[in-house]
Amino acid sequence: MKVGVVLNPIAGGGWLKRHWPEVSASLRKHFGDFE
């Protein structure tokens with residue numbers, strides 16, 4: 001399975017952009033590598 005992620009950097013008042021390292025680490029842990 002190949003996983004892709006679309007990021008809206010202003011979502012949640014910019015929360016997702018600021019916390020992207022933690023979010024991407026969690027996604028990678030559950031789904032493996034993604035683009």
# chains A, B, ... in the order shown; residues from 1 in each chain; ligands from 1
$ residues_around --residues "Leu7 in chain A" --least-positions-apart "6" --cutoff "10 Å" --atoms "only C-alpha atoms" --output "list in words"
Leu16, Lys17 and Trp20 of chain A
$ residues_around --residues "range 25-31 of chain A" --least-positions-apart "6" --cutoff "12 Å" --atoms "only C-alpha atoms" --output "list in words"
Met1, Lys2, Val3, Gly4, Val5 and His19 of chain A
$ decode --residues "chain A" --atoms "C-alpha atoms" --output "PDB file, in the first residue's frame"
ATOM      1  CA  MET A   1       0.000   0.000   0.000  1.00  0.00           C
ATOM      2  CA  LYS A   2       1.308   3.445  -0.885  1.00  0.00           C
ATOM      3  CA  VAL A   3       0.254   6.339   1.346  1.00  0.00           C
ATOM      4  CA  GLY A   4       0.246  10.020   0.382  1.00  0.00           C
ATOM      5  CA  VAL A   5      -0.430  12.959   2.669  1.00  0.00           C
ATOM      6  CA  VAL A   6      -1.850  16.353   1.712  1.00  0.00           C
ATOM      7  CA  LEU A   7      -1.005  19.095   4.195  1.00  0.00           C
ATOM      8  CA  ASN A   8      -2.942  22.334   4.594  1.00  0.00           C
ATOM      9  CA  PRO A   9      -0.369  24.438   6.485  1.00  0.00           C
ATOM     10  CA  ILE A  10      -2.964  26.916   7.780  1.00  0.00           C
ATOM     11  CA  ALA A  11      -5.346  24.243   9.081  1.00  0.00           C
ATOM     12  CA  GLY A  12      -6.125  24.683  12.745  1.00  0.00           C
ATOM     13  CA  GLY A  13      -4.580  28.146  12.820  1.00  0.00           C
ATOM     14  CA  GLY A  14      -1.233  26.748  11.660  1.00  0.00           C
ATOM     15  CA  TRP A  15      -1.204  23.970  14.258  1.00  0.00           C
ATOM     16  CA  LEU A  16      -0.551  21.251  11.690  1.00  0.00           C
ATOM     17  CA  LYS A  17       2.417  23.091  10.188  1.00  0.00           C
ATOM     18  CA  ARG A  18       3.982  23.679  13.614  1.00  0.00           C
ATOM     19  CA  HIS A  19       3.480  20.065  14.720  1.00  0.00           C
ATOM     20  CA  TRP A  20       4.228  18.349  11.402  1.00  0.00           C
ATOM     21  CA  PRO A  21       7.344  16.487  12.697  1.00  0.00           C
ATOM     22  CA  GLU A  22       5.251  14.741  15.368  1.00  0.00           C
ATOM     23  CA  VAL A  23       2.362  14.085  12.971  1.00  0.00           C
ATOM     24  CA  SER A  24       4.631  12.644  10.274  1.00  0.00           C
ATOM     25  CA  ALA A  25       6.415  10.418  12.815  1.00  0.00           C
ATOM     26  CA  SER A  26       3.072   9.020  13.959  1.00  0.00           C
ATOM     27  CA  LEU A  27       1.909   8.421  10.371  1.00  0.00           C
ATOM     28  CA  ARG A  28       5.215   6.749   9.500  1.00  0.00           C
ATOM     29  CA  LYS A  29       4.912   4.487  12.554  1.00  0.00           C
ATOM     30  CA  HIS A  30       1.440   3.289  11.503  1.00  0.00           C
ATOM     31  CA  PHE A  31       1.703   3.302   7.691  1.00  0.00           C
ATOM     32  CA  GLY A  32       5.420   3.128   6.890  1.00  0.00           C
ATOM     33  CA  ASP A  33       7.032   5.524   4.440  1.00  0.00           C
ATOM     34  CA  PHE A  34       4.791   8.004   2.642  1.00  0.00           C
ATOM     35  CA  GLU A  35       5.078  10.862   0.176  1.00  0.00           C
TER      36      GLU A  35
END
